[in-house]
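This is query03.cif (mmCIF, C-alpha atoms).
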```cif
data_work
#
loop_
_atom_site.label_atom_id
_atom_site.label_comp_id
_atom_site.auth_asym_id
_atom_site.auth_seq_id
_atom_site.Cartn_x
_atom_site.Cartn_y
_atom_site.Cartn_z
CA MET M 160 23.34 -20.92 19.80
CA LYS M 161 22.11 -19.79 16.41
CA LYS M 162 23.51 -16.60 14.99
CA GLN M 163 21.24 -13.71 15.74
CA GLU M 164 20.63 -10.38 14.09
CA PRO M 165 22.55 -7.42 15.50
CA LEU M 166 20.59 -5.71 18.26
CA THR M 167 19.27 -2.20 17.74
CA GLU M 168 20.84 0.46 19.91
CA SER M 169 17.75 0.58 22.12
CA TYR M 170 17.64 -3.19 22.60
CA TYR M 171 21.34 -3.27 23.36
CA TYR M 172 21.10 -0.56 26.01
CA ILE M 173 18.00 -2.07 27.62
CA LEU M 174 19.76 -5.42 28.07
CA LEU M 175 22.93 -3.71 29.23
CA CYS M 176 21.07 -1.62 31.84
CA LEU M 177 19.37 -4.75 33.21
CA PHE M 178 22.64 -6.66 33.51
CA PRO M 179 23.56 -5.54 37.07
CA LYS M 180 20.06 -5.49 38.56
CA PRO M 181 16.34 -5.40 37.69
CA LEU M 182 14.95 -1.96 36.85
CA HIS M 183 11.56 -0.44 35.99
CA GLY M 184 10.91 1.27 32.68
CA TYR M 185 11.89 4.74 33.81
CA GLY M 186 15.02 3.40 35.46
CA ILE M 187 16.10 1.77 32.18
CA MET M 188 15.47 5.02 30.31
CA GLN M 189 17.59 7.05 32.77
CA GLU M 190 20.40 4.52 32.95
CA ALA M 191 20.58 4.24 29.14
CA ALA M 192 20.81 8.03 28.86
CA ARG M 193 23.54 8.13 31.53
CA LEU M 194 25.62 5.33 29.99
CA SER M 195 25.37 6.78 26.49
CA GLU M 196 26.10 10.32 27.74
CA GLY M 197 22.69 11.49 26.57
CA ASN M 198 22.85 9.94 23.10
CA VAL M 199 20.29 7.22 23.68
CA ASN M 200 16.96 8.50 24.97
CA ILE M 201 14.50 5.65 24.68
CA GLY M 202 11.00 6.97 24.03
CA SER M 203 7.88 5.46 25.61
CA GLY M 204 6.65 3.75 22.45
CA THR M 205 10.06 2.35 21.65
CA MET M 206 10.51 1.15 25.24
CA TYR M 207 7.11 -0.58 25.33
CA GLY M 208 7.70 -2.31 22.00
CA ALA M 209 11.16 -3.51 23.01
CA VAL M 210 10.20 -4.69 26.51
CA ASN M 211 7.10 -6.45 25.19
CA ASN M 212 9.16 -8.20 22.51
CA MET M 213 11.85 -9.24 24.96
CA LEU M 214 9.26 -10.61 27.38
CA LYS M 215 7.85 -12.72 24.53
CA LYS M 216 11.31 -13.93 23.51
CA GLY M 217 12.10 -14.81 27.10
CA TRP M 218 15.09 -12.47 27.34
CA ILE M 219 13.57 -10.70 30.36
CA VAL M 220 10.87 -11.46 32.93
CA GLU M 221 8.67 -9.30 35.08
CA THR M 222 9.36 -9.19 38.79
CA VAL M 223 8.29 -7.17 41.83
CA SER M 224 10.48 -5.03 44.02
CA ASP M 225 11.47 -6.08 47.55
CA ASP M 226 11.14 -2.45 48.57
CA PRO M 227 7.59 -1.98 49.97
CA ASN M 228 7.54 1.66 48.77
CA ASP M 229 8.19 0.52 45.26
CA SER M 230 6.08 -2.64 45.12
CA ARG M 231 3.52 -1.15 42.76
CA LYS M 232 6.03 -0.72 39.96
CA ARG M 233 6.93 -3.54 37.63
CA LEU M 234 10.57 -4.41 37.42
CA TYR M 235 12.23 -6.21 34.54
CA GLN M 236 14.88 -8.80 35.12
CA LEU M 237 17.35 -10.33 32.70
CA THR M 238 17.00 -14.10 32.15
CA ASP M 239 19.86 -16.45 31.33
CA GLU M 240 18.79 -16.33 27.72
CA GLY M 241 18.85 -12.54 27.77
CA ARG M 242 22.30 -12.63 29.30
CA ASN M 243 23.49 -14.93 26.49
CA VAL M 244 22.04 -12.64 23.84
CA LEU M 245 23.78 -9.64 25.38
CA GLN M 246 27.08 -11.48 25.66
CA ALA M 247 26.87 -12.65 22.05
CA GLU M 248 26.24 -9.06 20.96
CA ILE M 249 29.18 -7.73 22.99
CA GLU M 250 31.35 -10.41 21.39
CA ARG M 251 30.16 -9.34 17.93
CA LEU M 252 30.93 -5.70 18.70
CA ARG M 253 34.36 -6.65 20.02
CA HIS M 254 35.11 -8.38 16.71
CA LEU M 255 34.08 -5.27 14.80
CA LEU M 256 36.47 -3.14 16.84
CA GLN M 257 39.21 -5.73 16.46
CA SER M 258 38.90 -5.56 12.67
CA ALA M 259 39.09 -1.79 12.80
CA GLY M 260 42.16 -1.97 15.01
CA GLU M 261 43.84 -4.38 12.61
CA VAL M 262 43.21 -2.20 9.58
CA LEU M 263 44.28 1.00 11.31
CA GLU M 264 47.48 -0.51 12.70
CA GLY M 265 48.30 -1.92 9.26
CA GLY M 266 47.78 1.53 7.82
CA LEU M 267 50.25 2.98 10.27
CA LYS M 268 53.04 0.64 9.15
CA HIS M 269 52.69 1.50 5.48
CA SER M 270 52.34 5.19 5.94
CA ASP M 271 55.38 7.44 5.51
CA SER M 272 53.74 10.75 5.98
CA GLU M 273 53.92 12.38 9.40
CA GLU M 274 50.48 13.93 8.92
CA MET M 275 48.84 10.64 8.06
CA LEU M 276 50.37 9.11 11.13
CA SER M 277 48.93 11.64 13.51
CA ALA M 278 45.51 11.57 11.83
CA GLU M 279 45.31 7.81 12.09
CA TRP M 280 46.57 7.82 15.62
CA GLU M 281 43.76 10.21 16.54
CA LEU M 282 41.17 7.98 14.91
CA GLY M 283 42.66 5.00 16.72
CA THR M 284 42.37 6.59 20.15
CA LYS M 285 38.79 7.62 19.46
CA LEU M 286 37.86 4.05 18.66
CA MET A 17 -16.82 33.15 23.19
CA LYS A 18 -17.53 29.47 22.91
CA ASP A 19 -15.46 27.26 25.15
CA LYS A 20 -16.11 23.95 23.41
CA MET A 21 -15.51 22.90 19.86
CA THR A 22 -16.16 19.74 17.91
CA SER A 23 -14.14 18.69 14.92
CA HIS A 24 -15.29 16.14 12.39
CA LYS A 25 -12.06 16.19 10.49
CA VAL A 26 -11.17 12.70 9.28
CA TYR A 27 -7.64 11.54 8.66
CA ALA A 28 -6.49 8.49 6.75
CA VAL A 29 -4.16 6.10 8.59
CA TRP A 30 -1.16 7.39 6.68
CA GLU A 31 -2.03 10.94 7.74
CA TYR A 32 -1.56 10.49 11.47
CA GLU A 33 1.40 12.85 11.45
CA ARG A 34 -0.79 15.54 9.92
CA GLU A 35 -3.32 14.94 12.69
CA ILE A 36 -0.59 15.39 15.32
CA ALA A 37 0.54 18.60 13.62
CA ASP A 38 -3.06 19.86 13.61
CA LEU A 39 -3.53 19.04 17.31
CA ASN A 40 -0.32 20.90 18.17
CA LYS A 41 -1.45 23.88 16.11
CA PHE A 42 -4.88 23.92 17.78
CA SER A 43 -3.16 23.82 21.17
CA ILE A 44 -1.11 26.92 20.35
CA GLU A 45 -4.32 28.63 19.23
CA GLY A 46 -5.88 27.84 22.62
CA TRP A 47 -7.99 24.81 21.72
CA GLN A 48 -7.02 21.83 23.81
CA LEU A 49 -8.06 18.36 22.76
CA GLU A 50 -10.46 16.78 25.23
CA LYS A 51 -11.23 13.55 23.44
CA GLY A 52 -9.83 12.33 20.18
CA GLY A 53 -11.76 10.21 17.72
CA CYS A 54 -11.80 8.98 14.16
CA PHE A 55 -14.84 10.97 13.15
CA HIS A 56 -15.47 13.19 16.13
CA SER A 57 -12.94 15.06 18.29
CA THR A 58 -13.78 17.54 21.03
CA PHE A 59 -11.73 20.52 22.15
CA VAL A 60 -11.99 22.87 25.12
CA ARG A 61 -10.90 26.49 25.23
CA ASN A 62 -7.84 27.13 27.38
CA GLU A 63 -5.24 29.68 26.42
CA ASP A 64 -3.11 29.21 29.54
CA VAL A 65 -1.57 25.88 28.56
CA ARG A 66 0.08 24.35 25.56
CA TYR A 67 0.42 20.65 24.92
CA VAL A 68 2.35 18.50 22.51
CA TYR A 69 0.50 15.45 21.21
CA GLN A 70 1.43 11.98 20.07
CA LEU A 71 -0.62 9.22 18.50
CA ASP A 72 0.20 5.57 18.78
CA TYR A 73 -1.33 2.69 16.87
CA ALA A 74 -1.57 -0.49 18.92
CA PRO A 75 -4.81 -2.36 18.26
CA LYS A 76 -3.95 -5.52 20.16
CA LEU A 77 -2.77 -4.76 23.67
CA GLU A 78 -2.48 -7.74 25.95
CA ASP A 79 -1.72 -5.66 28.99
CA LYS A 80 -2.94 -2.10 28.67
CA GLU A 81 -1.88 -1.17 32.20
CA MET A 82 1.71 -2.07 31.42
CA TYR A 83 1.51 -0.25 28.10
CA LEU A 84 0.25 2.95 29.70
CA SER A 85 2.81 2.80 32.51
CA PHE A 86 5.63 3.29 29.99
CA PHE A 87 3.99 6.50 28.81
CA GLU A 88 3.02 7.87 32.20
CA GLU A 89 6.50 7.45 33.64
CA GLN A 90 7.89 9.65 30.88
CA GLY A 91 5.32 12.36 31.48
CA TRP A 92 2.79 11.42 28.79
CA GLU A 93 -0.79 11.87 29.89
CA TYR A 94 -3.04 9.21 28.38
CA MET A 95 -6.21 10.74 27.00
CA ASN A 96 -8.29 8.08 25.28
CA SER A 97 -8.30 5.45 22.57
CA THR A 98 -10.37 5.08 19.45
CA PHE A 99 -12.37 1.95 18.69
CA ASN A 100 -9.82 0.85 16.11
CA GLY A 101 -6.69 1.05 18.25
CA TRP A 102 -5.28 4.56 18.11
CA HIS A 103 -4.19 6.02 21.45
CA TYR A 104 -3.95 9.72 22.21
CA PHE A 105 -1.24 11.10 24.49
CA ARG A 106 -0.29 14.61 25.50
CA LYS A 107 2.44 16.34 27.46
CA LYS A 108 2.62 19.92 28.72
CA TYR A 109 4.84 21.97 26.48
CA SER A 110 7.75 23.79 28.06
CA ASP A 111 10.44 26.00 26.56
CA GLY A 112 13.63 24.17 25.76
CA MET A 113 11.89 20.84 25.33
CA THR A 114 13.98 18.57 23.14
CA LYS A 115 12.66 16.76 20.07
CA GLU A 116 13.19 13.47 21.91
CA GLU A 117 10.93 14.59 24.74
CA MET A 118 8.17 15.34 22.26
CA GLU A 119 8.22 11.98 20.51
CA ILE A 120 7.32 8.50 21.69
CA TYR A 121 9.43 6.65 19.13
CA SER A 122 13.13 7.28 19.49
CA ASP A 123 14.47 5.05 16.74
CA LYS A 124 13.67 4.23 13.14
CA GLU A 125 13.17 0.52 13.81
CA SER A 126 10.43 0.91 16.41
CA LEU A 127 8.64 3.61 14.43
CA GLU A 128 8.56 1.31 11.41
CA GLU A 129 7.25 -1.51 13.56
CA MET A 130 4.31 0.71 14.48
CA GLN A 131 3.79 1.77 10.88
CA LYS A 132 3.84 -1.86 9.74
CA ARG A 133 0.88 -2.51 12.04
CA TYR A 134 -1.34 -0.05 10.20
CA GLU A 135 0.14 -0.91 6.81
CA ARG A 136 -1.48 -4.32 7.18
CA ILE A 137 -4.89 -2.63 6.95
CA MET A 138 -3.71 -0.71 3.91
CA TRP A 139 -2.59 -3.96 2.24
CA LEU A 140 -5.96 -5.52 2.96
CA CYS A 141 -7.84 -2.54 1.49
CA ALA A 142 -5.54 -2.45 -1.54
CA ILE A 143 -6.01 -6.16 -2.25
CA VAL A 144 -9.80 -6.15 -1.75
CA LEU A 145 -10.18 -3.11 -3.99
CA THR A 146 -7.93 -4.65 -6.63
CA LEU A 147 -10.03 -7.83 -6.62
CA ASN A 148 -13.09 -5.64 -7.12
CA VAL A 149 -11.38 -3.89 -10.01
CA ILE A 150 -10.64 -7.24 -11.63
CA LEU A 151 -14.18 -8.54 -11.12
CA GLN A 152 -15.85 -5.35 -12.20
CA GLY A 153 -13.38 -4.94 -15.03
CA SER A 154 -14.20 -8.37 -16.42
CA HIS A 155 -17.91 -7.43 -16.38
CA VAL A 156 -17.23 -4.22 -18.21
CA VAL A 157 -14.95 -5.85 -20.76
CA SER A 158 -17.07 -8.95 -21.36
CA GLY A 159 -20.34 -7.38 -22.22
CA ARG A 160 -22.59 -4.49 -22.83
CA VAL A 161 -22.90 -2.90 -19.43
CA GLY A 162 -24.31 0.42 -18.50
CA LEU A 163 -22.39 3.53 -17.71
CA ALA A 164 -23.08 2.93 -14.02
CA GLN A 165 -21.04 -0.27 -14.07
CA SER A 166 -18.17 1.53 -15.72
CA MET A 167 -18.41 4.29 -13.12
CA LEU A 168 -18.22 1.70 -10.36
CA LEU A 169 -15.09 0.37 -11.97
CA MET A 170 -13.64 3.88 -11.88
CA ILE A 171 -14.45 4.23 -8.18
CA TYR A 172 -12.76 0.92 -7.35
CA SER A 173 -9.76 1.77 -9.49
CA LEU A 174 -9.34 5.13 -7.82
CA GLY A 175 -9.49 3.51 -4.39
CA ALA A 176 -7.02 0.78 -5.29
CA ALA A 177 -4.66 3.32 -6.83
CA VAL A 178 -4.72 5.48 -3.67
CA PHE A 179 -3.87 2.55 -1.40
CA TRP A 180 -1.15 1.12 -3.63
CA PHE A 181 0.37 4.55 -4.08
CA MET A 182 0.42 5.25 -0.34
CA LEU A 183 1.94 1.84 0.41
CA TRP A 184 4.65 2.52 -2.14
CA SER A 185 5.12 6.00 -0.75
CA GLN A 186 5.50 4.66 2.81
CA LYS A 187 8.15 2.21 1.71
CA ARG A 188 10.01 5.01 -0.06
CA LYS A 189 9.89 7.16 3.03
CA GLN A 190 11.14 4.31 5.20
CA SER A 191 14.11 3.75 2.93
CA GLY A 192 15.09 7.33 3.56
CA LYS A 193 13.97 9.05 0.36
CA GLU A 194 12.74 12.58 0.87
CA SER A 195 9.76 14.52 -0.48
CA THR A 196 7.02 11.93 -0.22
CA PHE A 197 3.71 13.06 -1.54
CA ILE A 198 0.92 12.39 0.90
CA ILE A 199 -2.54 11.92 -0.55
CA ARG A 200 -5.06 14.10 1.24
CA TYR A 201 -7.76 11.70 2.28
CA ASP A 202 -10.50 14.34 2.32
CA ILE A 203 -9.82 15.36 -1.28
CA VAL A 204 -9.96 11.75 -2.45
CA LEU A 205 -13.19 11.37 -0.51
CA VAL A 206 -14.75 14.34 -2.30
CA VAL A 207 -13.76 12.96 -5.72
CA TRP A 208 -15.03 9.59 -4.61
CA LEU A 209 -18.37 10.99 -3.47
CA ILE A 210 -18.86 12.95 -6.70
CA LEU A 211 -18.22 9.78 -8.71
CA PHE A 212 -20.60 7.85 -6.46
CA MET A 213 -23.35 10.46 -6.81
CA LEU A 214 -22.94 10.44 -10.58
CA THR A 215 -23.20 6.65 -10.55
CA LEU A 216 -26.41 6.80 -8.52
CA LEU A 217 -27.80 9.52 -10.75
CA ILE A 218 -27.12 7.47 -13.88
CA LEU A 219 -28.59 4.34 -12.26
CA PHE A 220 -31.88 6.02 -11.46
CA ILE A 221 -32.40 8.00 -14.61
#
```

In C-alpha cells, write the structure found in this file.
Amino acid sequence: MKKQEPLTESYYYILLCLFPKPLHGYGIMQEAARLSEGNVNIGSGTMYGAVNNMLKKGWIVETVSDDPNDSRKRLYQLTDEGRNVLQAEIERLRHLLQSAGEVLEGGLKHSDSEEMLSAEWELGTKL
Amino acid sequence: MKDKMTSHKVYAVWEYEREIADLNKFSIEGWQLEKGGCFHSTFVRNEDVRYVYQLDYAPKLEDKEMYLSFFEEQGWEYMNSTFNGWHYFRKKYSDGMTKEEMEIYSDKESLEEMQKRYERIMWLCAIVLTLNVILQGSHVVSGRVGLAQSMLLMIYSLGAAVFWFMLWSQKRKQSGKESTFIIRYDIVLVVWLILFMLTLLILFI
C-alpha cells in the first residue's frame, strides 16, 4: 500500500467510530465527542465534506439499517480499504509514540537531577 | 411598525463572514432572515427569537438530501440557497451555546476546503481582468488613444488589483497570520462606478 498523508483529527475519529459498527452522521458526531472526551466536535460542514470524500475514495459505503424504525436514516459502513487506512494510521501514530518513549527514557538515564527525573516521569505517564 | 424588510446589501465572496455577522446582528435587533440572496434578502420582524446563522458554499452537490441531513441532525435549519451555490442555515440561539455549536466547520482543513471552492472563482476573475489589463494596456501604450481607453485600463487594473490582493490576503489568513485587511466590496463598487461614469461621460462628450 502506498504511503498516505496523515489523517486529520476529524477523519481519524470518523473512521475509528465506524470500526465497530455502521453509524449515521449524528451517531458518528456523538461517538467522536465521547471518545475524545469532548475535544472533537465534528461540525455539519466538516462531517459532510469528510463523509463525501471518504465515499468517493471508497473508504466507507452507504447502507441501510435493519431496524425498521431507523430505516430512513443513512448509515455509513467501513470498507476493507477504510479499515486498512485506519490501521495504517494507527501504526503511524504508534511509531510516533514509540519515538517519544525512546527519547524520554534516554533522557531519564542521563539525568542526575531529582527534579528533572520527576518532571520527565510525569510527561512520560501523560503520553 | 413594519414587519417586513428587504435588504439589497451585496457582499463579495470573501466577505461571507461579514454577512454572517450582519445576519446575527439583525437577529439580535429583532429582524429575522426569511430568505437570503445575493442581491435581495428579506427579513421578518420577530423580537421573541434569536438565531445564529451560517453560510456554506457548495455549488456542486450530487446529493442535496444527504448534504442537508448532516445539517438537520445537528440542529441547523436549512433556509434556502442562492443561484450560485451559497446555502443559508440557522439555529435558535440559547444561552451557554458553545462556539462549536454555532459553527459548521470544526477544523481548519475543512474550512479551507470550502474557501478553496470560492477562491477558484476569484482566480478566474483575477486572471480574466489581468488579461484585459494587458490587452487594454498594449492599446494605450501602442498608440494615441483617447482618455476613455485609459480610463477603461484604470477600471480593469483596479479590479485585477482587488482580486489579487484578496487572494493573497486569504492565503495569509490561512497560514495563520493575523490582521488581514478585508476590502469592502461596496466601496470598491462605488469607486468603480464613478470611474465608469467618467469614462462614459468622456466617451460621449

Chain and number of each residue from the PyMOL selection byres ((chain M) within 9 of (chain A)), as a ChimeraX atom specification:
/M:167-169,184-185,188,199-209,211,232-233

Find the distance between CA of Arg160 (chain A) and CA of Asn148 (chain A) and write it in Å to one decimal.
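Between CA of Arg160 (chain A) and CA of Asn148 (chain A) the gap is 18.4 Å.
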
Could you give me, as an MDAnalysis selection string, the residues within 10 Å of region 207-216 of chain A, counting all atoms listed in the file and dropping anything in the same chain fewer than 6 positions from it?
chainID A and resid 163:168 170:172 174:175

Selected residues written out, C-alpha atoms, as a compact mmCIF listing (two decimals), in the frame of the given file:
```txt
# COMPACT_ATOMS: atom_id res chain seq x y z
CA LEU A 163 -22.39 3.53 -17.71
CA ALA A 164 -23.08 2.93 -14.02
CA GLN A 165 -21.04 -0.27 -14.07
CA SER A 166 -18.17 1.53 -15.72
CA MET A 167 -18.41 4.29 -13.12
CA LEU A 168 -18.22 1.70 -10.36
CA MET A 170 -13.64 3.88 -11.88
CA ILE A 171 -14.45 4.23 -8.18
CA TYR A 172 -12.76 0.92 -7.35
CA LEU A 174 -9.34 5.13 -7.82
CA GLY A 175 -9.49 3.51 -4.39
```

As number ranges by chain, please: the residues near Trp180 (chain A) (cut-off 10 Å, only C-alpha atoms, same-chain neighbours under 2 positions excluded).
A: 138-139, 141-143, 145-146, 175-178, 182-186

Based on the selection just made, write C-alpha atoms of those residues as a JSON list (two decimals), in the coordinates of the input.
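Saved as part-v7.json:
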```json
[["chain", "number", "residue", "atom", "x", "y", "z"],
["A", 138, "MET", "CA", -3.71, -0.71, 3.91],
["A", 139, "TRP", "CA", -2.59, -3.96, 2.24],
["A", 141, "CYS", "CA", -7.84, -2.54, 1.49],
["A", 142, "ALA", "CA", -5.54, -2.45, -1.54],
["A", 143, "ILE", "CA", -6.01, -6.16, -2.25],
["A", 145, "LEU", "CA", -10.18, -3.11, -3.99],
["A", 146, "THR", "CA", -7.93, -4.65, -6.63],
["A", 175, "GLY", "CA", -9.49, 3.51, -4.39],
["A", 176, "ALA", "CA", -7.02, 0.78, -5.29],
["A", 177, "ALA", "CA", -4.66, 3.32, -6.83],
["A", 178, "VAL", "CA", -4.72, 5.48, -3.67],
["A", 182, "MET", "CA", 0.42, 5.25, -0.34],
["A", 183, "LEU", "CA", 1.94, 1.84, 0.41],
["A", 184, "TRP", "CA", 4.65, 2.52, -2.14],
["A", 185, "SER", "CA", 5.12, 6.00, -0.75],
["A", 186, "GLN", "CA", 5.50, 4.66, 2.81]]
```

Calculated over all atoms listed in the file, which of the candidates A:Pro75, A:Lys189, A:Asp111, A:Leu49 has the smallest distance to Tyr94 (chain A)?
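Checking each candidate against Tyr94 (chain A), we get A:Leu49 as the closest.
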
Given the file above and the PyMOL selection byres ((chain M and resi 222) around 10), which residues are selected, and can you give them as a PyMOL selection string?
chain M and resi 181-183+219-221+223-225+230+232-236

With distances taken over all atoms listed in the file, which residue among A:Ile36, A:Cys54, A:Ile137, A:Val29 lies nearest Arg106 (chain A)?
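Of A:Ile36, A:Cys54, A:Ile137, A:Val29, the one nearest Arg106 (chain A) is A:Ile36, counting all atoms listed in the file.
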
Calculate how many Å separate CA of Asn228 (chain M) from CA of Arg242 (chain M), rounding to one decimal.
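Separation of CA of Asn228 (chain M) and CA of Arg242 (chain M): 28.3 Å.
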
Enter the distance from CA of Tyr172 (chain M) to CA of Ala191 (chain M), in Å, rounded to one decimal.
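Taking CA of Tyr172 (chain M) and CA of Ala191 (chain M), their separation equals 5.8 Å.
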
Which residues, named as in the file, does the PyMOL selection byres ((chain M and resi 217) around 10) pick out? Answer as a ChimeraX atom specification.
/M:211-216,218-220,237-241

Write out as a PyMOL selection string each polymer residue whose atoms come within 10 Å of Val65 (chain A), counting only C-alpha atoms; drop sequence neighbours fewer than 5 positions from it.
chain A and resi 43-44+46-48+108-110

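Shortest separation to Ile173 (chain M) among M:Glu264, M:Ile187, M:Glu248, M:Ala192 occurs at residue M:Ile187, atoms counted being only C-alpha atoms.
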